[in-house]
Amino acid sequence: MSATTEAKSSYLDQLNPVQRQAAMATEGPVLVIAGPGSGKTRVLTYRIAHLIEKGAAPWEIMALTFTNKSAREMKERIEKVIGPRANRVWAGTFHSLFAKILRVEAEHIGYPSNFTIYDTDDTKSVIGAIINEMNLNKEQYNVNNIRSRISSCKSNLITPKLYVNRPDLMEEDKLAKRPFFHQIYEKYVGRCKRSGAMDFDDLLFRLFELFQNHPEVTDKYRKKFKYLLVDEFQDTNHLQYSIVKKFINYEGSPRNVCVVGDDAQSIYAFRGATIQNILDFENDFKQHSIRIFKLEQNYRSTEHIVQAANQVISYNRRQIQKTIFSDKGEGQRIKIIKAMTDSEEGKRVADLIVEQKNRWHVSNHEIAILYRTNSQSRVFEEYLRHFNIPYRVFGGMSFYQRKEVKDMIAYLRLAINQQDDEALRRVINYPKRAIGGTTLDKISSAAEMMGRPMWDALPHVDLPGRTRNSIDNFVAMIKDFTQKAQTSDAHTVAEYIARNSGLMDELKKDTTVEGIARLDNVTGLLDGIKTFVEDDTVDELQQTLEDQDPNAATRPSVFDKSLSAYLQNIALMTDLDNADENGDYVTLMSVHSAKGLEFKSVFVAGLEEQLFPSFMSMDTPEGLDEERRLFYVAITRAEQFLTLSYAASRYRFGQERYNPPSRFLDEIGMEHLDAASPIGTSAKPPMGRFDRNTPQESSNGRSGVSGNFKPRGAAQQNVLRADPKTFKPSNPDQIQAGMKVLHLKFGEGKVLSIDGARDKRMATIFFPDLEVDKQKRIMLKFAKLEILG
DNA sequence: GAAGTGATGTTTTTT
DNA sequence: ACATCACTTC
């Protein structure tokens, strides 16, 4: 394509014609249907860059994503095009951006601005307690079912009040033998509210409610955000789309909204996501000259892979018509590995990885093993270890989910928000303070009676002398922590709490390997808090809020290092967020977690009926379609090498099971399969060939070593670029634009500019040594900078 | 209130 | 296999 008309904006030349149209159609509603590897992030980032070039202020643009990682990636890529201004674009996850707004507007909805965010475990624990108190049967009222039912109500805008107007739903719950669902739901909502807590769904739902009931507030944000972008639109639920419409769909609105998605990659229907939103979007904006673009060229994979993917997805019943194509050449055919056992599958995959490394010089980080369930990782770990191939397992239990970490965080939460019942329950008797179940029941029923959080009930409960004493000591201790949190930074308080709560002493008592690991995790958390406190870069989003808000002084500042700020920061973090980008390891993860990623070589394992497709989903057409989309996502992660594997027998639930090869294998045409592959004759189970000719080298599965291969999260530190011993921070007042400076963590940098006055002086500094985000904005008051000249 | 026993149910989960 | 949990026993 020639660059005649848009010569001045050269970045647009890097787009193909459809991509470019989509990026430049800045006014009015736009729907982009983007196949896998079709450059959708590229379109989004160039679209934002283009908006800013055309004069939009960065903070007038909101880009909503599903993961922190993709938000970060987007920001980095915008920064490459337009520089550090990019950091003031409101790009983030639905949950994190909405939480930021809710903290500012909390008073309108009767929440404290330092509200706690309840994670799934907290939620389940609240529901469990309610079921207990109501003396309901725990089998009929399964906590997980109730939790997802509540979540789905919220995602469909059904409050407890509205629920009683829905005879269909009440009938469903009656049939499911849980007629008291409504009462549980109502209690749950009430209890979160009085605990000053929001669960993940509340972060969305409460914003919707705020907009619904406070037009003046809605108006403010409608004016603020002139352009809205939504990534992975196929994964939005009804509630998320409703909020998008609140922002954008009103009388007189320019409706500058761009949603990007792919119905074929929708894999979260089980959580309420619905591709109906894509179809609705088309309808809802029909009257407003909506433009629709289809990105159909795949720049990621070779032709065999793309065509196989097309064949597979064509078996799904309903889909938006599109033809994905690649011009990367035929490439390698798809290999299929047939193993007798799951253990042999592990070995054969590891063998092939070794071969690919030798023959094609594929690096570890270019390889991924994907599977349907996390428990499948073990056999691969075993053989990768055997071949000394470094690997990393994603998923499973995250750092923040570990008991000891949660305990520590519960203390921190309680110091900030004493209304937080879940935190209180967690630590009131840990370490042991002789406050048992009986006492806890008394406290919680007193709280229920008062309609107040448990903390408020503590002084009023009638208790035997010894218990009373324990409670009083506990209360005094927490008050002391709260006091401390008001005056010290997050790390100082956290250390203080770790020591004085008795938690550290308790952990130190356990000298087993696991016990030491637990203590390590808590110190790791403390290190993480230290890093947070020492980080002297500015929170750009907070700053735009401050810039625009006359009452900013009463709000958290851009440079807030309080415990409260830290907790807000980590509440929405996951394990994937601390992945280190530069390591050379093979990636092992579930297909779900692999969405959005790409690898030169991909192995999709466990392609057997009952496993992939999963036995939980395969009996309904909708379930099966979703499994197929999941398989589609899996194979479209591969750039050049795709290997599919299955085993005739596999240990599942402690028993050896035999399952036929997955039907999905049959859906790939022979012409795309490696001739040496065993499929094709017929994908029927190889009945009668169950003889045991499997190599038996490591059949016992349980290897003695249990090295910690799981991500360690918080503990990772930046490489120190300056020697802390010789480092002497200079007087920040003397720092001027143009100077060369040394930063303790970022190394040498050049001061590009200074803005702000006195306390708020800020420097924009360029650090050439950094991998990403080379330009940082640093608050001089706190800076750790040495002037070099 | 701890510690041991037997029954039970197992997917995926960006936030 | 493995974790979770209700229930028993000390």
# chains A, B, ... in the order shown; residues from 1 in each chain; ligands from 1
$ interface_residues --of "chain A" --to "chain B" --cutoff "10 Å" --atoms "only C-alpha atoms (C1' of nucleotides)" --output "compact mmCIF listing (two decimals) with all heavy atoms, in the first residue's frame"
# COMPACT_ATOMS: atom_id res chain seq x y z
N THR A 65 -9.92 -3.78 28.98
CA THR A 65 -9.42 -5.11 28.64
C THR A 65 -9.84 -6.09 29.73
O THR A 65 -10.47 -5.69 30.72
CB THR A 65 -7.89 -5.13 28.58
OG1 THR A 65 -7.37 -4.89 29.89
CG2 THR A 65 -7.35 -4.08 27.63
N PHE A 66 -9.47 -7.36 29.55
CA PHE A 66 -9.83 -8.34 30.55
C PHE A 66 -8.68 -8.69 31.48
O PHE A 66 -8.89 -9.11 32.59
CB PHE A 66 -10.37 -9.61 29.89
CG PHE A 66 -11.81 -9.47 29.59
CD1 PHE A 66 -12.22 -8.83 28.43
CD2 PHE A 66 -12.76 -9.90 30.47
CE1 PHE A 66 -13.56 -8.64 28.17
CE2 PHE A 66 -14.10 -9.73 30.22
CZ PHE A 66 -14.51 -9.09 29.06
N THR A 67 -7.47 -8.52 31.00
CA THR A 67 -6.33 -8.85 31.85
C THR A 67 -5.43 -7.64 32.03
O THR A 67 -5.33 -6.79 31.14
CB THR A 67 -5.48 -9.98 31.24
OG1 THR A 67 -4.91 -9.51 30.03
CG2 THR A 67 -6.31 -11.21 30.97
N ASN A 68 -4.78 -7.62 33.17
CA ASN A 68 -3.78 -6.58 33.41
C ASN A 68 -2.70 -6.64 32.35
O ASN A 68 -2.20 -5.63 31.89
CB ASN A 68 -3.13 -6.79 34.77
CG ASN A 68 -4.13 -6.62 35.90
OD1 ASN A 68 -4.85 -5.63 35.95
ND2 ASN A 68 -4.18 -7.57 36.79
N LYS A 69 -2.38 -7.89 31.98
CA LYS A 69 -1.30 -8.09 31.04
C LYS A 69 -1.60 -7.43 29.69
O LYS A 69 -0.76 -6.74 29.14
CB LYS A 69 -1.07 -9.59 30.85
CG LYS A 69 0.16 -9.89 30.09
CD LYS A 69 0.47 -11.38 30.06
CE LYS A 69 1.71 -11.59 29.25
NZ LYS A 69 1.56 -12.53 28.18
N SER A 70 -2.81 -7.64 29.19
CA SER A 70 -3.08 -7.05 27.88
C SER A 70 -3.19 -5.54 27.97
O SER A 70 -2.85 -4.82 27.03
CB SER A 70 -4.29 -7.68 27.21
OG SER A 70 -5.41 -7.56 28.01
N THR A 93 -8.10 -3.02 33.09
CA THR A 93 -9.18 -4.00 33.09
C THR A 93 -10.48 -3.32 33.52
O THR A 93 -10.46 -2.29 34.19
CB THR A 93 -8.89 -5.14 34.07
OG1 THR A 93 -8.84 -4.61 35.39
CG2 THR A 93 -7.57 -5.81 33.74
N PHE A 94 -11.58 -3.92 33.13
CA PHE A 94 -12.87 -3.46 33.59
C PHE A 94 -12.82 -3.26 35.10
O PHE A 94 -13.18 -2.20 35.62
CB PHE A 94 -13.95 -4.53 33.31
CG PHE A 94 -14.47 -4.52 31.90
CD1 PHE A 94 -13.84 -5.26 30.91
CD2 PHE A 94 -15.59 -3.80 31.58
CE1 PHE A 94 -14.34 -5.27 29.61
CE2 PHE A 94 -16.10 -3.80 30.29
CZ PHE A 94 -15.47 -4.54 29.30
N HIS A 95 -12.34 -4.30 35.78
CA HIS A 95 -12.38 -4.27 37.24
C HIS A 95 -11.50 -3.18 37.82
O HIS A 95 -11.91 -2.47 38.73
CB HIS A 95 -12.00 -5.64 37.80
CG HIS A 95 -12.99 -6.71 37.47
ND1 HIS A 95 -12.97 -7.39 36.27
CD2 HIS A 95 -14.05 -7.19 38.16
CE1 HIS A 95 -13.98 -8.25 36.25
NE2 HIS A 95 -14.64 -8.17 37.39
N SER A 96 -10.30 -3.02 37.32
CA SER A 96 -9.40 -2.06 37.96
C SER A 96 -9.82 -0.62 37.67
O SER A 96 -9.76 0.23 38.55
CB SER A 96 -7.95 -2.32 37.56
OG SER A 96 -7.76 -1.97 36.21
N ASP A 119 -12.11 -11.54 47.28
CA ASP A 119 -11.83 -12.48 46.19
C ASP A 119 -12.78 -13.67 46.30
O ASP A 119 -13.64 -13.71 47.19
CB ASP A 119 -10.36 -12.91 46.20
CG ASP A 119 -10.00 -13.72 47.43
OD1 ASP A 119 -10.92 -14.20 48.12
OD2 ASP A 119 -8.80 -13.87 47.70
N THR A 120 -12.64 -14.61 45.40
CA THR A 120 -13.58 -15.71 45.34
C THR A 120 -13.64 -16.50 46.65
O THR A 120 -14.70 -16.94 47.07
CB THR A 120 -13.23 -16.65 44.18
OG1 THR A 120 -13.02 -15.83 43.02
CG2 THR A 120 -14.34 -17.62 43.88
N ASP A 199 -17.28 -7.67 45.97
CA ASP A 199 -16.69 -8.79 45.27
C ASP A 199 -16.41 -8.37 43.82
O ASP A 199 -16.72 -7.24 43.44
CB ASP A 199 -17.57 -10.05 45.38
CG ASP A 199 -18.91 -9.91 44.67
OD1 ASP A 199 -19.04 -9.02 43.80
OD2 ASP A 199 -19.83 -10.67 45.00
N PHE A 200 -15.84 -9.27 43.04
CA PHE A 200 -15.46 -8.90 41.67
C PHE A 200 -16.66 -8.39 40.86
O PHE A 200 -16.55 -7.43 40.11
CB PHE A 200 -14.81 -10.08 40.94
CG PHE A 200 -13.46 -10.44 41.49
CD1 PHE A 200 -13.08 -11.78 41.62
CD2 PHE A 200 -12.56 -9.46 41.87
CE1 PHE A 200 -11.84 -12.12 42.13
CE2 PHE A 200 -11.31 -9.79 42.39
CZ PHE A 200 -10.95 -11.12 42.51
N ASP A 201 -17.79 -9.05 41.04
CA ASP A 201 -18.97 -8.63 40.28
C ASP A 201 -19.47 -7.26 40.75
O ASP A 201 -19.98 -6.48 39.95
CB ASP A 201 -20.10 -9.66 40.43
CG ASP A 201 -19.70 -11.01 39.87
OD1 ASP A 201 -19.18 -11.04 38.74
OD2 ASP A 201 -19.88 -12.02 40.57
N LEU A 203 -17.73 -4.77 41.61
CA LEU A 203 -16.95 -3.69 41.01
C LEU A 203 -17.61 -3.23 39.71
O LEU A 203 -17.50 -2.07 39.32
CB LEU A 203 -15.51 -4.14 40.73
CG LEU A 203 -14.68 -4.45 41.98
CD1 LEU A 203 -13.32 -5.00 41.59
CD2 LEU A 203 -14.52 -3.21 42.84
N ASP A 235 -16.04 -11.79 25.26
CA ASP A 235 -15.99 -12.30 26.63
C ASP A 235 -16.71 -11.41 27.64
O ASP A 235 -16.67 -11.66 28.84
CB ASP A 235 -14.53 -12.48 27.08
CG ASP A 235 -13.89 -13.66 26.37
OD1 ASP A 235 -14.63 -14.58 25.97
OD2 ASP A 235 -12.66 -13.67 26.22
N ILE A 267 -14.69 -18.23 25.06
CA ILE A 267 -14.50 -19.45 25.85
C ILE A 267 -14.87 -19.25 27.31
O ILE A 267 -14.51 -20.04 28.16
CB ILE A 267 -13.03 -19.94 25.77
CG1 ILE A 267 -12.07 -18.84 26.19
CG2 ILE A 267 -12.72 -20.42 24.37
CD1 ILE A 267 -10.62 -19.31 26.27
N TYR A 268 -15.58 -18.18 27.60
CA TYR A 268 -15.96 -17.94 28.99
C TYR A 268 -17.47 -17.85 29.18
O TYR A 268 -17.94 -17.21 30.11
CB TYR A 268 -15.27 -16.68 29.52
CG TYR A 268 -13.81 -16.93 29.82
CD1 TYR A 268 -12.82 -16.44 28.99
CD2 TYR A 268 -13.44 -17.69 30.92
CE1 TYR A 268 -11.48 -16.69 29.24
CE2 TYR A 268 -12.11 -17.94 31.19
CZ TYR A 268 -11.13 -17.43 30.36
OH TYR A 268 -9.82 -17.68 30.62
N PHE A 270 -19.23 -20.04 30.33
CA PHE A 270 -19.55 -20.65 31.62
C PHE A 270 -19.48 -19.64 32.74
O PHE A 270 -19.93 -19.90 33.85
CB PHE A 270 -18.61 -21.83 31.90
CG PHE A 270 -17.20 -21.46 32.25
CD1 PHE A 270 -16.81 -21.37 33.57
CD2 PHE A 270 -16.27 -21.19 31.26
CE1 PHE A 270 -15.52 -21.03 33.91
CE2 PHE A 270 -14.97 -20.85 31.59
CZ PHE A 270 -14.60 -20.77 32.91
N ARG A 271 -18.95 -18.47 32.45
CA ARG A 271 -18.92 -17.42 33.47
C ARG A 271 -19.84 -16.27 33.13
O ARG A 271 -19.73 -15.19 33.69
CB ARG A 271 -17.50 -16.88 33.63
CG ARG A 271 -16.74 -17.66 34.67
CD ARG A 271 -15.31 -17.39 34.66
NE ARG A 271 -14.94 -16.01 34.37
CZ ARG A 271 -13.75 -15.53 34.65
NH1 ARG A 271 -12.86 -16.28 35.22
NH2 ARG A 271 -13.46 -14.29 34.34
N ARG A 372 -6.28 -29.17 28.78
CA ARG A 372 -7.61 -28.76 29.18
C ARG A 372 -7.71 -28.53 30.69
O ARG A 372 -8.37 -27.64 31.17
CB ARG A 372 -8.61 -29.84 28.73
CG ARG A 372 -10.08 -29.64 29.09
CD ARG A 372 -10.67 -28.50 28.28
NE ARG A 372 -11.15 -27.46 29.15
CZ ARG A 372 -12.38 -27.33 29.60
NH1 ARG A 372 -13.31 -28.17 29.21
NH2 ARG A 372 -12.72 -26.37 30.39
N THR A 373 -7.05 -29.39 31.46
CA THR A 373 -7.13 -29.28 32.92
C THR A 373 -5.74 -29.15 33.53
O THR A 373 -4.79 -29.78 33.07
CB THR A 373 -7.81 -30.51 33.55
OG1 THR A 373 -6.97 -31.64 33.32
CG2 THR A 373 -9.17 -30.78 32.96
N ASN A 374 -5.65 -28.35 34.55
CA ASN A 374 -4.34 -28.09 35.16
C ASN A 374 -3.65 -29.34 35.70
O ASN A 374 -2.44 -29.42 35.73
CB ASN A 374 -4.49 -27.08 36.29
CG ASN A 374 -4.63 -25.66 35.76
OD1 ASN A 374 -3.88 -25.26 34.88
ND2 ASN A 374 -5.60 -24.92 36.27
N ALA A 434 -7.37 -18.63 71.71
CA ALA A 434 -8.47 -19.23 72.46
C ALA A 434 -9.81 -18.58 72.15
O ALA A 434 -10.62 -18.34 73.04
CB ALA A 434 -8.17 -19.18 73.97
N ILE A 435 -9.99 -18.22 70.89
CA ILE A 435 -11.28 -17.70 70.47
C ILE A 435 -11.84 -18.70 69.46
O ILE A 435 -11.48 -18.69 68.29
CB ILE A 435 -11.15 -16.31 69.82
CG1 ILE A 435 -10.47 -15.35 70.80
CG2 ILE A 435 -12.52 -15.78 69.41
CD1 ILE A 435 -10.11 -14.01 70.24
N GLY A 436 -12.67 -19.61 69.92
CA GLY A 436 -13.10 -20.73 69.10
C GLY A 436 -14.42 -20.50 68.38
O GLY A 436 -14.96 -19.40 68.37
N GLY A 437 -14.91 -21.56 67.82
CA GLY A 437 -16.13 -21.51 67.01
C GLY A 437 -17.33 -20.98 67.77
O GLY A 437 -18.10 -20.18 67.24
N ALA A 571 -5.14 -6.04 45.03
CA ALA A 571 -6.39 -6.80 45.10
C ALA A 571 -6.76 -7.44 43.77
O ALA A 571 -7.38 -8.48 43.73
CB ALA A 571 -7.51 -5.89 45.58
N LEU A 572 -6.37 -6.80 42.70
CA LEU A 572 -6.79 -7.30 41.39
C LEU A 572 -5.64 -7.93 40.61
O LEU A 572 -5.72 -8.12 39.41
CB LEU A 572 -7.44 -6.17 40.59
CG LEU A 572 -8.70 -5.60 41.23
CD1 LEU A 572 -9.15 -4.33 40.53
CD2 LEU A 572 -9.83 -6.62 41.22
N MET A 573 -4.58 -8.27 41.32
CA MET A 573 -3.43 -8.88 40.64
C MET A 573 -3.56 -10.39 40.59
O MET A 573 -4.13 -11.01 41.48
CB MET A 573 -2.16 -8.56 41.41
CG MET A 573 -1.75 -7.15 41.21
SD MET A 573 -0.08 -7.11 40.62
CE MET A 573 0.68 -6.31 42.01
N THR A 574 -3.01 -10.99 39.59
CA THR A 574 -2.96 -12.44 39.53
C THR A 574 -1.52 -12.88 39.30
O THR A 574 -0.64 -12.05 39.08
CB THR A 574 -3.81 -13.00 38.38
OG1 THR A 574 -3.28 -12.51 37.15
CG2 THR A 574 -5.25 -12.59 38.53
N LEU A 576 -0.18 -14.41 36.79
CA LEU A 576 0.35 -14.13 35.46
C LEU A 576 0.99 -12.74 35.42
O LEU A 576 1.85 -12.49 34.59
CB LEU A 576 -0.77 -14.19 34.42
CG LEU A 576 -0.78 -15.40 33.51
CD1 LEU A 576 -1.04 -16.67 34.28
CD2 LEU A 576 -1.80 -15.23 32.42
N SER A 590 -3.08 -24.06 30.96
CA SER A 590 -4.36 -24.49 30.43
C SER A 590 -4.66 -23.70 29.16
O SER A 590 -4.12 -22.60 28.95
CB SER A 590 -5.47 -24.23 31.44
OG SER A 590 -5.69 -22.85 31.58
N VAL A 591 -5.50 -24.25 28.30
CA VAL A 591 -5.84 -23.56 27.06
C VAL A 591 -6.47 -22.20 27.39
O VAL A 591 -6.19 -21.20 26.73
CB VAL A 591 -6.80 -24.40 26.20
CG1 VAL A 591 -7.12 -23.68 24.90
CG2 VAL A 591 -6.22 -25.76 25.91
N HIS A 592 -7.29 -22.16 28.41
CA HIS A 592 -7.92 -20.89 28.78
C HIS A 592 -6.88 -19.80 29.02
O HIS A 592 -7.03 -18.68 28.54
CB HIS A 592 -8.76 -21.06 30.05
CG HIS A 592 -10.10 -21.67 29.79
ND1 HIS A 592 -10.32 -23.01 29.88
CD2 HIS A 592 -11.29 -21.11 29.43
CE1 HIS A 592 -11.59 -23.26 29.59
NE2 HIS A 592 -12.20 -22.13 29.32
N SER A 593 -5.85 -20.14 29.79
CA SER A 593 -4.86 -19.11 30.10
C SER A 593 -4.04 -18.71 28.90
O SER A 593 -3.37 -17.68 28.91
CB SER A 593 -3.89 -19.59 31.19
OG SER A 593 -4.55 -20.32 32.15
N ALA A 594 -4.05 -19.54 27.85
CA ALA A 594 -3.20 -19.26 26.69
C ALA A 594 -3.83 -18.28 25.73
O ALA A 594 -3.20 -17.83 24.78
CB ALA A 594 -2.87 -20.56 25.97
N LYS A 595 -5.09 -17.92 25.99
CA LYS A 595 -5.75 -17.03 25.06
C LYS A 595 -4.97 -15.72 24.93
O LYS A 595 -4.55 -15.16 25.92
CB LYS A 595 -7.18 -16.74 25.49
CG LYS A 595 -8.00 -16.27 24.31
CD LYS A 595 -9.40 -15.99 24.71
CE LYS A 595 -9.38 -14.78 25.63
NZ LYS A 595 -10.69 -14.18 25.74
N LEU A 611 -12.23 -35.68 28.14
CA LEU A 611 -11.24 -34.77 28.70
C LEU A 611 -11.22 -33.47 27.88
O LEU A 611 -11.27 -32.37 28.41
CB LEU A 611 -9.86 -35.43 28.69
CG LEU A 611 -8.71 -34.60 29.27
CD1 LEU A 611 -8.98 -34.23 30.71
CD2 LEU A 611 -7.39 -35.37 29.18
N PHE A 612 -11.17 -33.63 26.59
CA PHE A 612 -11.21 -32.48 25.68
C PHE A 612 -11.90 -32.94 24.42
O PHE A 612 -11.24 -33.42 23.52
CB PHE A 612 -9.78 -32.01 25.38
CG PHE A 612 -9.69 -30.59 24.87
CD1 PHE A 612 -8.44 -29.99 24.67
CD2 PHE A 612 -10.82 -29.84 24.60
CE1 PHE A 612 -8.33 -28.67 24.22
CE2 PHE A 612 -10.71 -28.53 24.14
CZ PHE A 612 -9.47 -27.95 23.94
N PRO A 613 -13.22 -32.85 24.30
CA PRO A 613 -14.15 -32.13 25.15
C PRO A 613 -14.32 -32.73 26.55
O PRO A 613 -14.29 -33.94 26.70
CB PRO A 613 -15.48 -32.22 24.39
CG PRO A 613 -15.35 -33.45 23.56
CD PRO A 613 -13.91 -33.53 23.20
N SER A 614 -14.52 -31.85 27.51
CA SER A 614 -14.66 -32.26 28.90
C SER A 614 -16.01 -32.95 29.15
O SER A 614 -17.02 -32.56 28.58
CB SER A 614 -14.57 -31.02 29.79
OG SER A 614 -15.15 -31.29 31.05
N PHE A 615 -15.96 -33.96 30.01
CA PHE A 615 -17.20 -34.69 30.32
C PHE A 615 -18.25 -33.77 30.93
O PHE A 615 -19.44 -34.06 30.91
CB PHE A 615 -16.91 -35.85 31.28
CG PHE A 615 -16.51 -35.42 32.66
CD1 PHE A 615 -17.43 -35.37 33.68
CD2 PHE A 615 -15.21 -35.03 32.92
CE1 PHE A 615 -17.08 -34.97 34.95
CE2 PHE A 615 -14.84 -34.62 34.19
CZ PHE A 615 -15.78 -34.59 35.20
N MET A 616 -17.80 -32.63 31.50
CA MET A 616 -18.74 -31.73 32.14
C MET A 616 -19.56 -30.95 31.12
O MET A 616 -20.63 -30.45 31.43
CB MET A 616 -18.00 -30.73 33.03
CG MET A 616 -17.31 -31.34 34.22
SD MET A 616 -18.46 -31.97 35.43
CE MET A 616 -19.04 -30.44 36.18
N SER A 617 -19.04 -30.80 29.92
CA SER A 617 -19.69 -29.93 28.95
C SER A 617 -20.20 -30.66 27.73
O SER A 617 -20.90 -30.09 26.91
CB SER A 617 -18.71 -28.86 28.46
OG SER A 617 -17.94 -28.39 29.52
N GLU A 627 -16.44 -26.04 23.92
CA GLU A 627 -15.22 -26.87 23.92
C GLU A 627 -14.51 -26.76 22.58
O GLU A 627 -13.29 -26.71 22.51
CB GLU A 627 -15.58 -28.33 24.21
CG GLU A 627 -16.14 -28.59 25.60
CD GLU A 627 -15.09 -28.49 26.70
OE1 GLU A 627 -14.01 -29.07 26.55
OE2 GLU A 627 -15.36 -27.82 27.72
N LEU A 630 -12.74 -23.64 22.30
CA LEU A 630 -11.54 -23.75 23.12
C LEU A 630 -10.43 -24.46 22.34
O LEU A 630 -9.26 -24.06 22.38
CB LEU A 630 -11.89 -24.52 24.39
CG LEU A 630 -10.92 -24.48 25.54
CD1 LEU A 630 -10.58 -23.06 25.95
CD2 LEU A 630 -11.49 -25.23 26.73
N ARG A 652 -7.15 -40.91 35.95
CA ARG A 652 -8.01 -39.78 36.31
C ARG A 652 -8.77 -40.16 37.55
O ARG A 652 -9.33 -41.25 37.62
CB ARG A 652 -8.99 -39.47 35.19
CG ARG A 652 -8.46 -38.43 34.24
CD ARG A 652 -9.58 -37.95 33.37
NE ARG A 652 -9.98 -36.60 33.73
CZ ARG A 652 -11.05 -36.00 33.22
NH1 ARG A 652 -11.83 -36.64 32.40
NH2 ARG A 652 -11.32 -34.77 33.56
N PHE A 653 -8.85 -39.27 38.49
CA PHE A 653 -9.56 -39.54 39.74
C PHE A 653 -9.07 -40.83 40.36
O PHE A 653 -9.86 -41.65 40.84
CB PHE A 653 -11.08 -39.59 39.50
CG PHE A 653 -11.59 -38.42 38.72
CD1 PHE A 653 -12.55 -38.59 37.73
CD2 PHE A 653 -11.10 -37.15 38.96
CE1 PHE A 653 -13.02 -37.51 37.02
CE2 PHE A 653 -11.58 -36.06 38.26
CZ PHE A 653 -12.53 -36.24 37.28
$ interface_residues --of "chain C" --to "chain A" --cutoff "12 Å" --atoms "only C-alpha atoms (C1' of nucleotides)" --output "list in words"
DA1, DC2, DA3, DC5 and DA6 of chain C
$ write_last_selection --atoms "N, CA and C atoms (P, O5', C5', C4', C3', O3' and C1' of nucleotides)" --output "mmCIF file, in the first residue's frame"
data_model
loop_
_atom_site.group_PDB
_atom_site.id
_atom_site.type_symbol
_atom_site.label_atom_id
_atom_site.label_comp_id
_atom_site.auth_asym_id
_atom_site.auth_seq_id
_atom_site.Cartn_x
_atom_site.Cartn_y
_atom_site.Cartn_z
ATOM 1 P P DA C 1 -3.925 -43.929 43.686
ATOM 2 O "O5'" DA C 1 -3.739 -42.525 42.938
ATOM 3 C "C5'" DA C 1 -2.509 -41.859 42.818
ATOM 4 C "C4'" DA C 1 -2.738 -40.374 42.861
ATOM 5 C "C3'" DA C 1 -2.450 -39.747 44.211
ATOM 6 O "O3'" DA C 1 -1.769 -38.531 43.964
ATOM 7 C "C1'" DA C 1 -4.681 -39.275 43.598
ATOM 8 P P DC C 2 -1.203 -37.692 45.101
ATOM 9 O "O5'" DC C 2 -2.430 -36.748 45.494
ATOM 10 C "C5'" DC C 2 -3.048 -35.932 44.527
ATOM 11 C "C4'" DC C 2 -4.192 -35.233 45.204
ATOM 12 C "C3'" DC C 2 -3.927 -34.962 46.694
ATOM 13 O "O3'" DC C 2 -3.956 -33.581 46.897
ATOM 14 C "C1'" DC C 2 -6.107 -35.807 46.331
ATOM 15 P P DA C 3 -3.510 -32.929 48.262
ATOM 16 O "O5'" DA C 3 -4.629 -31.823 48.445
ATOM 17 C "C5'" DA C 3 -5.326 -31.316 47.314
ATOM 18 C "C4'" DA C 3 -6.761 -31.052 47.705
ATOM 19 C "C3'" DA C 3 -6.928 -30.445 49.100
ATOM 20 O "O3'" DA C 3 -7.794 -29.340 48.998
ATOM 21 C "C1'" DA C 3 -8.304 -32.364 48.875
ATOM 22 P P DC C 5 -13.996 -27.547 52.710
ATOM 23 O "O5'" DC C 5 -14.840 -28.693 53.430
ATOM 24 C "C5'" DC C 5 -15.709 -29.520 52.652
ATOM 25 C "C4'" DC C 5 -16.407 -30.480 53.583
ATOM 26 C "C3'" DC C 5 -16.666 -29.907 54.985
ATOM 27 O "O3'" DC C 5 -17.935 -30.354 55.436
ATOM 28 C "C1'" DC C 5 -15.407 -31.882 55.151
ATOM 29 P P DA C 6 -18.738 -29.474 56.484
ATOM 30 O "O5'" DA C 6 -19.661 -30.601 57.150
ATOM 31 C "C5'" DA C 6 -20.281 -31.591 56.346
ATOM 32 C "C4'" DA C 6 -20.258 -32.910 57.081
ATOM 33 C "C3'" DA C 6 -20.731 -32.851 58.534
ATOM 34 O "O3'" DA C 6 -21.625 -33.923 58.781
ATOM 35 C "C1'" DA C 6 -18.568 -33.811 58.435
#
$ select_by_dssp --residues "segment 177-325 of chain A" --states "strand (DSSP E or B)" --output "VMD selection string"
chain A and resid 197 to 199 227 to 230 237 257 to 261 273 291 to 295 297 325
$ atom_distance --atom1 "atom CA of Arg147 of chain A" --atom2 "atom CA of His238 of chain A"
17.7 Å
